[in-house]
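See below for data32.cif, which holds mmCIF, C-alpha atoms.
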```cif
data_work
#
loop_
_atom_site.label_atom_id
_atom_site.label_comp_id
_atom_site.auth_asym_id
_atom_site.auth_seq_id
_atom_site.Cartn_x
_atom_site.Cartn_y
_atom_site.Cartn_z
CA MET A 1 -102.12 -159.71 -121.33
CA THR A 2 -99.86 -162.20 -122.80
CA GLY A 3 -96.63 -161.73 -124.65
CA ARG A 4 -93.14 -163.13 -125.10
CA ARG A 5 -91.04 -163.11 -121.91
CA ARG A 6 -87.73 -161.24 -122.31
CA SER A 7 -84.56 -162.80 -121.00
CA PHE A 8 -82.65 -160.52 -118.59
CA THR A 9 -78.98 -160.52 -117.52
CA PRO A 10 -78.19 -158.34 -114.51
CA ARG A 11 -75.61 -155.60 -115.06
CA PRO A 12 -72.35 -156.54 -113.32
CA SER A 13 -71.38 -154.51 -110.30
CA LYS A 14 -68.54 -152.05 -110.60
CA THR A 15 -66.30 -154.37 -108.58
CA ARG A 16 -67.01 -157.30 -110.84
CA ARG A 17 -66.43 -155.16 -113.95
CA VAL A 18 -63.01 -154.08 -112.61
CA ARG A 19 -62.07 -157.66 -111.78
CA ALA A 20 -63.07 -158.81 -115.26
CA ALA A 21 -61.09 -156.02 -116.84
CA CYS A 22 -58.04 -157.08 -114.87
CA ILE A 23 -58.36 -160.71 -115.94
CA THR A 24 -58.73 -159.67 -119.56
CA ALA A 25 -55.77 -157.35 -119.27
CA VAL A 26 -53.54 -160.09 -117.91
CA ALA A 27 -54.67 -162.49 -120.59
CA THR A 28 -53.66 -160.01 -123.29
CA VAL A 29 -50.36 -159.18 -121.56
CA ALA A 30 -51.58 -155.63 -121.08
CA SER A 31 -51.04 -155.60 -117.37
CA GLY A 32 -50.83 -151.82 -117.28
CA ALA A 33 -54.60 -151.66 -117.87
CA CYS A 34 -55.08 -153.63 -114.68
CA LEU A 35 -53.30 -150.99 -112.65
CA VAL A 36 -55.37 -148.22 -114.26
CA ALA A 37 -58.53 -150.14 -113.50
CA GLY A 38 -57.61 -150.09 -109.82
CA CYS A 39 -56.62 -153.67 -109.01
CA GLY A 40 -52.93 -152.97 -108.23
CA VAL A 41 -50.35 -155.76 -108.15
CA LEU A 42 -51.81 -159.22 -108.50
CA GLN A 43 -51.52 -161.55 -105.55
CA GLY A 44 -48.36 -163.61 -105.88
CA ASP A 45 -46.72 -161.28 -108.40
CA PRO A 46 -42.97 -161.45 -107.70
CA GLY A 47 -40.93 -158.34 -107.08
CA GLY A 48 -41.81 -154.85 -105.96
CA SER A 49 -44.13 -152.26 -107.49
CA ARG A 50 -41.56 -149.44 -107.59
CA GLU A 51 -38.64 -148.76 -109.91
CA PRO A 52 -35.87 -151.40 -109.70
CA VAL A 53 -32.62 -150.43 -108.02
CA THR A 54 -29.32 -151.36 -109.71
CA VAL A 55 -26.07 -151.48 -107.74
CA MET A 56 -22.60 -152.94 -108.28
CA THR A 57 -20.21 -154.94 -106.13
CA PHE A 58 -16.67 -155.46 -107.40
CA ALA A 59 -13.73 -157.43 -106.05
CA PRO A 60 -10.72 -159.32 -107.43
CA GLU A 61 -11.00 -162.98 -108.36
CA GLU A 62 -8.94 -165.50 -110.33
CA THR A 63 -5.76 -163.47 -109.87
CA LYS A 64 -2.30 -164.50 -108.68
CA ALA A 65 -2.56 -162.15 -105.72
CA THR A 66 -5.54 -161.25 -103.53
CA ASN A 67 -8.87 -162.87 -104.41
CA MET A 68 -12.14 -161.92 -102.72
CA PRO A 69 -14.89 -163.74 -104.67
CA GLY A 70 -16.92 -164.21 -101.49
CA MET A 71 -17.82 -160.52 -101.53
CA MET A 72 -19.53 -160.76 -104.91
CA ALA A 73 -21.16 -164.07 -103.97
CA MET A 74 -22.52 -162.47 -100.78
CA ALA A 75 -23.92 -159.58 -102.81
CA LYS A 76 -25.78 -161.97 -105.12
CA ALA A 77 -27.14 -163.93 -102.15
CA TYR A 78 -28.38 -160.65 -100.67
CA GLU A 79 -30.05 -159.83 -103.99
CA ARG A 80 -31.93 -163.16 -103.99
CA TRP A 81 -32.94 -162.71 -100.36
CA ALA A 82 -34.18 -159.15 -100.89
CA ASP A 83 -36.18 -159.99 -104.00
CA ALA A 84 -37.69 -163.06 -102.34
CA ARG A 85 -39.15 -160.62 -99.81
CA GLY A 86 -40.63 -158.34 -102.47
CA GLY A 87 -37.55 -156.18 -102.91
CA ILE A 88 -36.34 -153.34 -100.73
CA ASP A 89 -39.27 -151.09 -99.89
CA GLY A 90 -40.97 -152.26 -103.08
CA HIS A 91 -37.88 -151.93 -105.30
CA ASP A 92 -36.47 -155.02 -107.00
CA LEU A 93 -32.73 -155.20 -106.33
CA ARG A 94 -30.40 -155.82 -109.29
CA VAL A 95 -26.78 -156.55 -108.33
CA ILE A 96 -24.07 -156.36 -110.97
CA THR A 97 -20.73 -157.94 -110.09
CA CYS A 98 -17.38 -157.11 -111.63
CA ASN A 99 -13.93 -158.68 -111.41
CA GLU A 100 -11.58 -155.91 -110.32
CA LYS A 101 -8.59 -158.14 -111.24
CA ASN A 102 -6.43 -156.59 -108.51
CA THR A 103 -5.21 -153.87 -110.90
CA PRO A 104 -5.79 -150.10 -111.13
CA GLN A 105 -7.13 -150.59 -114.66
CA GLY A 106 -9.54 -153.27 -113.50
CA ALA A 107 -10.87 -151.10 -110.69
CA ALA A 108 -11.46 -148.17 -113.06
CA LEU A 109 -13.15 -150.43 -115.63
CA CYS A 110 -15.56 -151.74 -113.00
CA ALA A 111 -16.44 -148.19 -111.99
CA ARG A 112 -17.09 -147.18 -115.59
CA ARG A 113 -19.29 -150.22 -116.06
CA ALA A 114 -21.29 -149.20 -112.98
CA VAL A 115 -21.87 -145.81 -114.61
CA LYS A 116 -22.82 -147.37 -117.95
CA GLU A 117 -25.35 -149.76 -116.40
CA GLY A 118 -27.07 -147.10 -114.33
CA ALA A 119 -25.99 -148.19 -110.87
CA VAL A 120 -27.23 -145.93 -108.09
CA ALA A 121 -24.40 -147.03 -105.80
CA VAL A 122 -21.34 -149.26 -105.60
CA VAL A 123 -21.73 -151.36 -102.46
CA GLY A 124 -19.42 -153.56 -100.37
CA SER A 125 -16.51 -153.69 -102.80
CA TYR A 126 -12.77 -154.35 -102.55
CA SER A 127 -9.80 -152.68 -104.18
CA GLN A 128 -6.42 -151.54 -102.96
CA TYR A 129 -6.41 -149.02 -105.82
CA GLY A 130 -8.35 -145.78 -105.68
CA SER A 131 -8.67 -145.50 -109.47
CA PHE A 132 -12.35 -146.48 -109.23
CA MET A 133 -13.27 -143.28 -107.42
CA ALA A 134 -12.84 -140.70 -110.22
CA PRO A 135 -15.41 -142.30 -112.60
CA LEU A 136 -17.87 -142.65 -109.72
CA GLU A 137 -17.38 -139.03 -108.67
CA ALA A 138 -17.88 -137.82 -112.25
CA ALA A 139 -21.23 -139.64 -112.36
CA GLY A 140 -22.20 -138.74 -108.79
CA ILE A 141 -22.43 -142.40 -107.71
CA PRO A 142 -21.86 -143.06 -103.98
CA PHE A 143 -19.42 -145.73 -102.81
CA ILE A 144 -20.91 -147.45 -99.75
CA GLY A 145 -18.96 -149.70 -97.43
CA GLY A 146 -15.77 -150.48 -99.27
CA TYR A 147 -13.32 -152.84 -97.63
CA GLY A 148 -11.17 -149.94 -96.46
CA LEU A 149 -7.84 -150.42 -98.25
CA SER A 150 -7.51 -147.42 -100.55
CA GLY A 151 -6.92 -143.89 -99.31
CA GLU A 152 -9.70 -142.55 -101.52
CA GLU A 153 -12.26 -144.44 -99.45
CA PHE A 154 -11.48 -142.11 -96.55
CA THR A 155 -11.10 -138.87 -98.50
CA SER A 156 -13.66 -138.83 -101.34
CA TYR A 157 -16.84 -136.86 -100.70
CA LEU A 158 -18.84 -139.70 -102.25
CA SER A 159 -17.38 -142.48 -100.10
CA TYR A 160 -19.30 -143.73 -97.08
CA PRO A 161 -17.03 -146.18 -95.19
CA VAL A 162 -18.49 -148.59 -92.64
CA ASN A 163 -15.19 -149.30 -90.88
CA GLY A 164 -12.01 -147.41 -90.02
CA GLY A 165 -9.83 -149.22 -92.55
CA GLN A 166 -6.31 -150.40 -91.88
CA ALA A 167 -5.54 -147.26 -89.88
CA ALA A 168 -8.07 -148.16 -87.19
CA LEU A 169 -6.91 -151.78 -87.14
CA VAL A 170 -3.22 -150.99 -86.64
CA ALA A 171 -3.91 -148.31 -84.02
CA GLY A 172 -6.23 -150.77 -82.29
CA ASN A 173 -3.62 -153.49 -82.50
CA GLY A 174 -1.29 -151.28 -80.48
CA ARG A 175 -3.99 -150.84 -77.85
CA GLN A 176 -4.60 -154.59 -77.76
CA LEU A 177 -0.94 -155.49 -77.34
CA ALA A 178 -0.14 -152.80 -74.77
CA ASP A 179 -1.60 -154.84 -71.91
CA SER A 180 -0.52 -158.26 -73.14
CA CYS A 181 3.08 -158.04 -74.31
CA ALA A 182 6.41 -157.30 -72.69
CA GLY A 183 7.93 -156.15 -75.97
CA VAL A 184 6.47 -155.66 -79.45
CA SER A 185 8.10 -156.02 -82.85
CA LEU A 186 6.24 -154.67 -85.88
CA VAL A 187 7.05 -156.24 -89.25
CA ARG A 188 5.87 -153.86 -91.93
CA PRO A 189 6.54 -152.83 -95.54
CA ASP A 190 9.63 -150.74 -96.26
CA SER A 191 7.58 -147.91 -97.76
CA ILE A 192 5.97 -144.57 -96.96
CA ASN A 193 2.73 -146.37 -96.13
CA GLY A 194 4.72 -148.64 -93.85
CA ASP A 195 6.06 -145.60 -92.01
CA ASP A 196 2.45 -144.65 -91.24
CA LEU A 197 1.85 -148.09 -89.72
CA VAL A 198 4.69 -147.58 -87.25
CA GLN A 199 3.18 -144.32 -86.06
CA LEU A 200 -0.27 -145.85 -85.73
CA LEU A 201 0.90 -148.89 -83.77
CA ASN A 202 3.06 -146.81 -81.45
CA SER A 203 0.22 -144.38 -80.87
CA GLY A 204 -1.94 -147.33 -79.83
CA LEU A 205 0.76 -148.67 -77.52
CA LYS A 206 1.14 -145.26 -75.90
CA GLU A 207 -2.63 -144.89 -75.50
CA GLY A 208 -2.61 -148.25 -73.76
CA GLY A 209 0.01 -147.07 -71.26
CA ARG A 210 3.17 -148.28 -73.01
CA ARG A 211 5.89 -145.62 -73.15
CA ILE A 212 8.36 -147.73 -75.15
CA PRO A 213 7.69 -147.89 -78.92
CA SER A 214 7.71 -151.04 -80.97
CA ALA A 215 10.81 -152.47 -82.59
CA ASP A 216 10.56 -151.55 -86.27
CA VAL A 217 11.37 -154.42 -88.65
CA LEU A 218 11.31 -153.48 -92.32
CA ALA A 219 10.45 -156.02 -95.01
CA ALA A 220 9.84 -156.09 -98.74
CA ASP A 221 6.14 -156.53 -99.45
CA ASP A 222 6.76 -158.85 -102.41
CA ALA A 223 9.26 -161.33 -100.92
CA THR A 224 8.75 -165.09 -101.07
CA GLU A 225 10.29 -165.72 -97.64
CA TYR A 226 11.12 -163.69 -94.52
CA THR A 227 13.53 -165.77 -92.44
CA ALA A 228 15.87 -162.87 -91.67
CA GLN A 229 13.01 -160.58 -90.68
CA ALA A 230 11.42 -163.32 -88.57
CA GLU A 231 14.66 -163.86 -86.64
CA GLN A 232 15.10 -160.12 -86.09
CA ALA A 233 11.49 -159.65 -84.97
CA ARG A 234 11.66 -162.53 -82.49
CA LYS A 235 14.95 -161.36 -81.02
CA ARG A 236 13.88 -157.73 -80.60
CA ALA A 237 10.49 -158.61 -79.10
CA ALA A 238 12.24 -160.50 -76.32
CA GLU A 239 15.22 -158.20 -75.69
CA PRO A 240 16.15 -157.83 -72.01
CA THR A 241 15.60 -154.05 -72.21
CA TRP A 242 11.88 -154.65 -72.74
CA THR A 243 11.38 -156.82 -69.70
CA SER A 244 13.69 -154.85 -67.45
CA SER A 245 11.94 -151.58 -68.20
CA LEU A 246 8.47 -152.95 -67.48
CA ALA A 247 6.90 -154.75 -64.57
CA SER A 248 6.05 -157.39 -67.14
CA GLY A 249 6.10 -160.53 -65.03
CA ALA A 250 5.56 -163.49 -67.29
CA ARG A 251 4.18 -161.51 -70.21
CA PRO A 252 5.51 -162.71 -73.57
CA GLY A 253 7.17 -160.75 -76.28
CA CYS A 254 4.89 -160.20 -79.26
CA VAL A 255 5.53 -160.09 -82.98
CA THR A 256 2.85 -158.39 -85.07
CA ALA A 257 2.91 -158.25 -88.87
CA ALA A 258 1.09 -155.98 -91.29
CA LEU A 259 2.31 -157.07 -94.71
CA GLY A 260 -1.02 -157.44 -96.48
CA ASP A 261 -1.00 -160.44 -98.80
CA ARG A 262 2.47 -161.42 -97.57
CA THR A 263 1.54 -161.68 -93.92
CA GLU A 264 0.89 -165.39 -94.33
CA THR A 265 4.30 -165.79 -95.97
CA PHE A 266 5.98 -164.02 -93.08
CA PHE A 267 4.36 -166.20 -90.43
CA ASP A 268 5.23 -169.31 -92.42
CA SER A 269 8.88 -168.23 -92.17
CA PHE A 270 8.40 -167.38 -88.50
CA ARG A 271 7.04 -170.80 -87.55
CA ARG A 272 10.00 -172.50 -89.26
CA LEU A 273 12.52 -170.83 -86.96
CA PRO A 274 14.26 -173.28 -84.62
CA GLU A 275 13.19 -173.05 -80.97
CA ASP A 276 15.38 -170.83 -78.84
CA GLY A 277 13.46 -170.71 -75.56
CA ARG A 278 11.94 -167.26 -76.10
CA HIS A 279 8.29 -166.82 -75.08
CA ILE A 280 6.75 -165.13 -78.14
CA ARG A 281 3.14 -164.66 -79.22
CA ILE A 282 2.14 -163.52 -82.67
CA SER A 283 -0.39 -160.93 -83.70
CA SER A 284 -1.90 -159.22 -86.72
CA VAL A 285 -5.03 -157.51 -87.98
CA ILE A 286 -8.11 -158.89 -89.69
CA GLY A 287 -7.68 -159.09 -93.44
CA SER A 288 -4.03 -160.02 -93.06
CA VAL A 289 -5.02 -162.91 -90.78
CA GLY A 290 -8.55 -164.26 -90.49
CA GLN A 291 -10.48 -167.45 -89.82
CA PRO A 292 -9.96 -168.87 -93.34
CA LEU A 293 -6.17 -168.58 -92.92
CA VAL A 294 -6.30 -170.09 -89.42
CA ASP A 295 -8.30 -173.02 -90.81
CA ARG A 296 -6.02 -173.82 -93.73
CA THR A 297 -2.86 -173.63 -91.60
CA GLY A 298 -3.97 -176.25 -89.11
CA GLY A 299 -6.54 -174.64 -86.80
CA ARG A 300 -5.76 -175.37 -83.15
CA GLN A 301 -2.63 -177.25 -84.20
CA GLY A 302 -1.44 -174.43 -86.44
CA PRO A 303 0.88 -171.47 -85.90
CA PHE A 304 -1.90 -169.00 -85.13
CA GLU A 305 -3.20 -170.69 -81.99
CA GLY A 306 -3.10 -168.05 -79.27
CA ALA A 307 -2.56 -165.17 -81.72
CA TYR A 308 -3.97 -161.71 -80.94
CA ILE A 309 -6.06 -160.30 -83.80
CA THR A 310 -7.61 -156.84 -84.08
CA SER A 311 -10.83 -156.71 -86.11
CA TRP A 312 -13.51 -154.22 -87.11
CA TYR A 313 -16.47 -156.39 -86.18
CA PRO A 314 -17.65 -158.96 -83.61
CA ASP A 315 -16.26 -162.48 -83.99
CA ALA A 316 -18.02 -164.75 -86.48
CA ASN A 317 -19.79 -166.78 -83.76
CA ASP A 318 -21.48 -163.72 -82.29
CA GLU A 319 -25.28 -163.89 -82.47
CA ARG A 320 -25.35 -160.50 -84.18
CA TRP A 321 -24.34 -162.32 -87.38
CA ASP A 322 -27.39 -164.63 -87.25
CA GLY A 323 -29.22 -162.63 -89.93
CA MET A 324 -26.34 -162.99 -92.36
CA HIS A 325 -25.96 -166.69 -91.59
CA LYS A 326 -29.65 -167.23 -92.35
CA VAL A 327 -29.36 -165.49 -95.70
CA VAL A 328 -26.25 -167.50 -96.62
CA THR A 329 -27.95 -170.76 -95.66
CA GLU A 330 -31.18 -170.06 -97.54
CA HIS A 331 -30.01 -168.09 -100.57
CA ALA A 332 -26.35 -168.90 -101.30
CA PHE A 333 -27.25 -172.45 -102.40
CA GLY A 334 -24.08 -173.97 -101.01
CA ASP A 335 -21.80 -171.46 -102.73
CA ASP A 336 -18.44 -172.31 -101.18
CA ARG A 337 -17.03 -168.90 -102.12
CA ILE A 338 -18.86 -167.47 -99.12
CA ASP A 339 -17.16 -167.88 -95.77
CA PRO A 340 -19.23 -166.05 -93.12
CA ALA A 341 -16.06 -165.62 -91.06
CA ASP A 342 -14.31 -163.70 -93.84
CA ALA A 343 -14.01 -159.95 -93.25
CA GLY A 344 -14.83 -159.20 -96.89
CA VAL A 345 -18.09 -161.14 -96.72
CA GLN A 346 -18.94 -159.46 -93.44
CA THR A 347 -18.21 -155.99 -94.81
CA THR A 348 -20.42 -156.69 -97.83
CA TRP A 349 -23.29 -157.74 -95.57
CA ILE A 350 -22.96 -154.57 -93.51
CA ALA A 351 -22.73 -152.38 -96.63
CA TYR A 352 -25.94 -153.87 -98.05
CA THR A 353 -27.60 -153.39 -94.68
CA VAL A 354 -26.74 -149.70 -94.99
CA LEU A 355 -28.15 -149.61 -98.53
CA GLU A 356 -31.41 -151.17 -97.40
CA ARG A 357 -31.83 -148.75 -94.50
CA VAL A 358 -31.21 -145.75 -96.76
CA ILE A 359 -33.69 -146.91 -99.41
CA ARG A 360 -36.37 -147.47 -96.78
CA ALA A 361 -35.68 -144.06 -95.27
CA LEU A 362 -36.07 -142.40 -98.69
CA ASP A 363 -39.50 -144.04 -99.22
CA SER A 364 -39.52 -142.98 -102.87
CA ASP A 365 -40.74 -144.59 -106.10
CA GLU A 366 -37.42 -143.71 -107.73
CA ILE A 367 -34.02 -144.14 -106.09
CA THR A 368 -31.18 -142.08 -107.56
CA PRO A 369 -27.50 -141.71 -106.68
CA GLY A 370 -28.10 -138.10 -105.66
CA ARG A 371 -30.92 -138.98 -103.28
CA ILE A 372 -28.81 -141.66 -101.59
CA SER A 373 -25.78 -139.42 -101.11
CA HIS A 374 -27.93 -136.47 -99.99
CA ALA A 375 -29.61 -138.59 -97.30
CA LEU A 376 -26.25 -139.80 -96.02
CA ASP A 377 -24.68 -136.35 -96.17
CA GLN A 378 -27.54 -134.99 -94.08
CA GLY A 379 -26.60 -137.34 -91.26
CA LEU A 380 -29.13 -140.15 -91.62
CA GLU A 381 -28.38 -142.58 -88.78
CA VAL A 382 -28.03 -146.18 -89.89
CA THR A 383 -28.01 -149.10 -87.50
CA THR A 384 -26.44 -152.43 -88.45
CA ASP A 385 -28.01 -154.71 -85.82
CA GLY A 386 -25.09 -154.11 -83.49
CA LEU A 387 -22.37 -155.21 -85.92
CA THR A 388 -21.01 -151.68 -85.81
CA PRO A 389 -21.90 -148.70 -83.68
CA PRO A 390 -24.69 -146.59 -85.26
CA LEU A 391 -23.31 -144.98 -88.41
CA ARG A 392 -23.77 -141.39 -89.57
CA TRP A 393 -21.88 -139.57 -92.33
CA GLY A 394 -22.78 -135.99 -91.52
CA TYR A 395 -19.87 -133.57 -91.45
CA GLU A 396 -19.96 -133.38 -87.66
CA ASN A 397 -19.80 -137.19 -87.39
CA MET A 398 -16.50 -137.58 -89.24
CA LEU A 399 -13.17 -138.02 -87.51
CA GLY A 400 -11.49 -135.34 -89.57
CA ALA A 401 -7.97 -136.71 -89.17
CA PRO A 402 -5.56 -135.91 -92.03
CA GLY A 403 -5.28 -138.86 -94.38
CA TYR A 404 -8.65 -140.39 -93.41
CA PRO A 405 -11.07 -137.55 -92.63
CA ARG A 406 -14.22 -139.54 -93.53
CA ILE A 407 -13.85 -142.23 -90.90
CA VAL A 408 -17.10 -142.37 -88.94
CA ASN A 409 -16.68 -145.80 -87.37
CA ARG A 410 -13.69 -145.48 -85.06
CA SER A 411 -14.27 -148.78 -83.29
CA VAL A 412 -12.40 -152.07 -83.37
CA THR A 413 -12.73 -155.37 -81.55
CA PHE A 414 -10.07 -157.47 -79.85
CA GLN A 415 -10.00 -161.16 -80.69
CA VAL A 416 -7.76 -164.14 -79.98
CA VAL A 417 -7.36 -167.54 -81.66
CA ARG A 418 -8.52 -170.14 -79.15
CA ASP A 419 -8.98 -173.83 -80.06
CA GLY A 420 -8.55 -172.88 -83.70
CA ARG A 421 -11.32 -170.25 -83.68
CA LEU A 422 -11.22 -166.49 -83.59
CA VAL A 423 -13.16 -165.53 -80.47
CA ALA A 424 -13.71 -162.30 -78.57
CA GLN A 425 -10.93 -161.31 -76.20
CA ALA A 426 -13.02 -158.34 -75.03
CA LYS A 427 -16.78 -158.10 -75.44
CA ASP A 428 -17.23 -154.43 -76.29
CA PHE A 429 -16.09 -152.21 -79.12
CA VAL A 430 -12.94 -150.18 -78.45
CA ASP A 431 -12.96 -146.59 -79.74
CA VAL A 432 -9.60 -145.66 -81.28
CA GLY A 433 -10.61 -142.19 -82.47
CA ASP A 434 -8.30 -140.41 -80.06
CA THR A 435 -5.48 -142.78 -81.00
CA LEU A 436 -5.92 -141.97 -84.68
CA MET A 437 -5.99 -138.25 -84.01
CA ALA A 438 -2.78 -138.54 -81.98
CA THR A 439 -0.91 -139.69 -85.12
CA SER A 440 -1.93 -136.61 -87.08
#
```
What's the structure tokens form of this structure?
Amino acid sequence: MTGRRRSFTPRPSKTRRVRAACITAVATVASGACLVAGCGVLQGDPGGSREPVTVMTFAPEETKATNMPGMMAMAKAYERWADARGGIDGHDLRVITCNEKNTPQGAALCARRAVKEGAVAVVGSYSQYGSFMAPLEAAGIPFIGGYGLSGEEFTSYLSYPVNGGQAALVAGNGRQLADSCAGVSLVRPDSINGDDLVQLLNSGLKEGGRRIPSADVLAADDATEYTAQAEQARKRAAEPTWTSSLASGARPGCVTAALGDRTETFFDSFRRLPEDGRHIRISSVIGSVGQPLVDRTGGRQGPFEGAYITSWYPDANDERWDGMHKVVTEHAFGDDRIDPADAGVQTTWIAYTVLERVIRALDSDEITPGRISHALDQGLEVTTDGLTPPLRWGYENMLGAPGYPRIVNRSVTFQVVRDGRLVAQAKDFVDVGDTLMATS
């Protein structure tokens, strides 16, 4: 039997049909059909497959007072690093930055913008004004890892601090100086807040075995020079009563200053005093004095050589910062606003580390402000690669001291300026929780 031979095309397999459907879907910009067909995210597709996560970081810049642009630059570098790795647990990270302008109005405006743009958290931000907290509370948005200046950061139920703020630093400074100084003068603002600093420092001195309180030197926090206060502080730190009442040997007198933005101004006045033979060392806390200030005032040849500094974190050369250094090198693109030795930059890195750990712990397609705060309130433990002790914000983990009940990180580090660099004076963290409670 003869007849015409029929041509025959085999039916594609199911796998080949799915692959073809995906290719067609991409070509027609209907990528959703590809997911329905079962092919998932295409190889090489940037970003994660879950809902994006929007957060805000705010700080002051281009002002006549405090400027912290490195914090926002660090946040953007973290965003690029996270998204280059496929996001955080599959979520693209979107970081909004806002200039807080160093004003209460600016802080509140940034908070309202965070609400408007759907931020699930405000992370690693800086403001000395607590006006940002009310808009965030109204919207239920958590505030993670602020710099630690405003009181609201340690009282608001939606604030999750990563350090102990200025209170821990000043109390720790007393502990640091107790073993090193014959006498101590504290130069501080002539204000109610300044009164608190005296109590904190003296509590630290007492905890360190010093029965004699510091000499209290009051100063205006907006002066342009402090010659009179510098002379008074030097004289009282080296008074004979200090050395005669202590088996001090050759220990120097110490002058420590906590004047915020004006600390640099005070020490400029101090270094201009004529020599009088007194053996005096200077001291302060991180934020008032840090590596950037040491660098621009002459490094090892400058006035801060030998200074005692109390910090929240390990010194900038510690290997525990290697992860941050790598991100800055690879994703900051030479942005000179970022100084890895700056406490604001470091706090921002730690705050974003907390954010990442929380998002991964949630393991959810959608991240909301409520889910983040609930996880933290339930006592989720967050590690920061040793840059802080493990952090938990459950009720039982909080210090509970009046004025700063939400402190969960009660630790500080002791550093000293040696050869122009801030280096560790003591290797381990020092817990100042009992010292803080003693001031209550």
Self-check item: Output check: residues returned by the PyMOL selection byres ((chain A and resi 104-113) around 10), as a ChimeraX atom specification
Solution: /A:56-60,96-103,114-119,122,126-139,141,143
Quiz item: With only C-alpha atoms as the atoms that count, which of A:Leu259, A:Ala84, A:Ala332, A:Val162 lies nearest to Met398 in chain A?
Solution: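 Of all the options, A:Val162 lies closest to Met398 in chain A.
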Self-check item: Separation of CA of Glu207 in chain A from CA of Asn409 in chain A, in Å and rounded to one decimal
Solution: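 CA of Asn409 in chain A lies 18.4 Å from CA of Glu207 in chain A.
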Exercise. Considering only C-alpha atoms, return as a list in words whatever protein or nucleic-acid residues lie within 7 Å of range 302-310 of chain A, sequence-local ones (same chain, fewer than 6 positions apart) excluded.
Key: Leu169, Gly172, Asn173, Arg271, Arg281, Ile282, Ser283, Ser284, Val285, Ile286, Val294, Val412, Thr413, Phe414, Gln415, Val416, Val417, Arg418, Asp419 and Gly420 of chain A
Self-check item: CA of Asp428 in chain A to CA of Ala178 in chain A, straight-line distance in Å
Solution: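 Between CA of Ala178 in chain A and CA of Asp428 in chain A the gap works out to 17.2 Å.
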Go through the shown structure with the PyMOL selection byres ((chain A and resi 439) around 8) and write out the matching residues as a compact mmCIF listing (two decimals) with C-alpha atoms, keeping the file's coordinate frame.
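Okay, this is what ended up in result-v5.txt:
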```
# COMPACT_ATOMS: atom_id res chain seq x y z
CA GLN A 199 3.18 -144.32 -86.06
CA LEU A 200 -0.27 -145.85 -85.73
CA SER A 203 0.22 -144.38 -80.87
CA THR A 435 -5.48 -142.78 -81.00
CA LEU A 436 -5.92 -141.97 -84.68
CA MET A 437 -5.99 -138.25 -84.01
CA ALA A 438 -2.78 -138.54 -81.98
CA SER A 440 -1.93 -136.61 -87.08
```
Exercise. Could you tell me which of A:Tyr160, A:Asp336, A:Arg80, A:Met324 comes closest to Val382 in chain A if we count only C-alpha atoms?
Key: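 Of A:Tyr160, A:Asp336, A:Arg80, A:Met324, the one nearest Val382 in chain A is A:Tyr160, counting only C-alpha atoms.
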Quiz item: What is the distance between CA of Val123 in chain A and CA of Glu366 in chain A, in Å to one decimal?
Solution: 18.2 Å
Quiz item: Taking the file as shown, what set of residues would the PyMOL selection byres ((chain A and resi 387-389) around 9) give back, as a ChimeraX atom specification?
Solution: /A:162-163,312-314,320-321,350,383-386,390-391,409-412,429
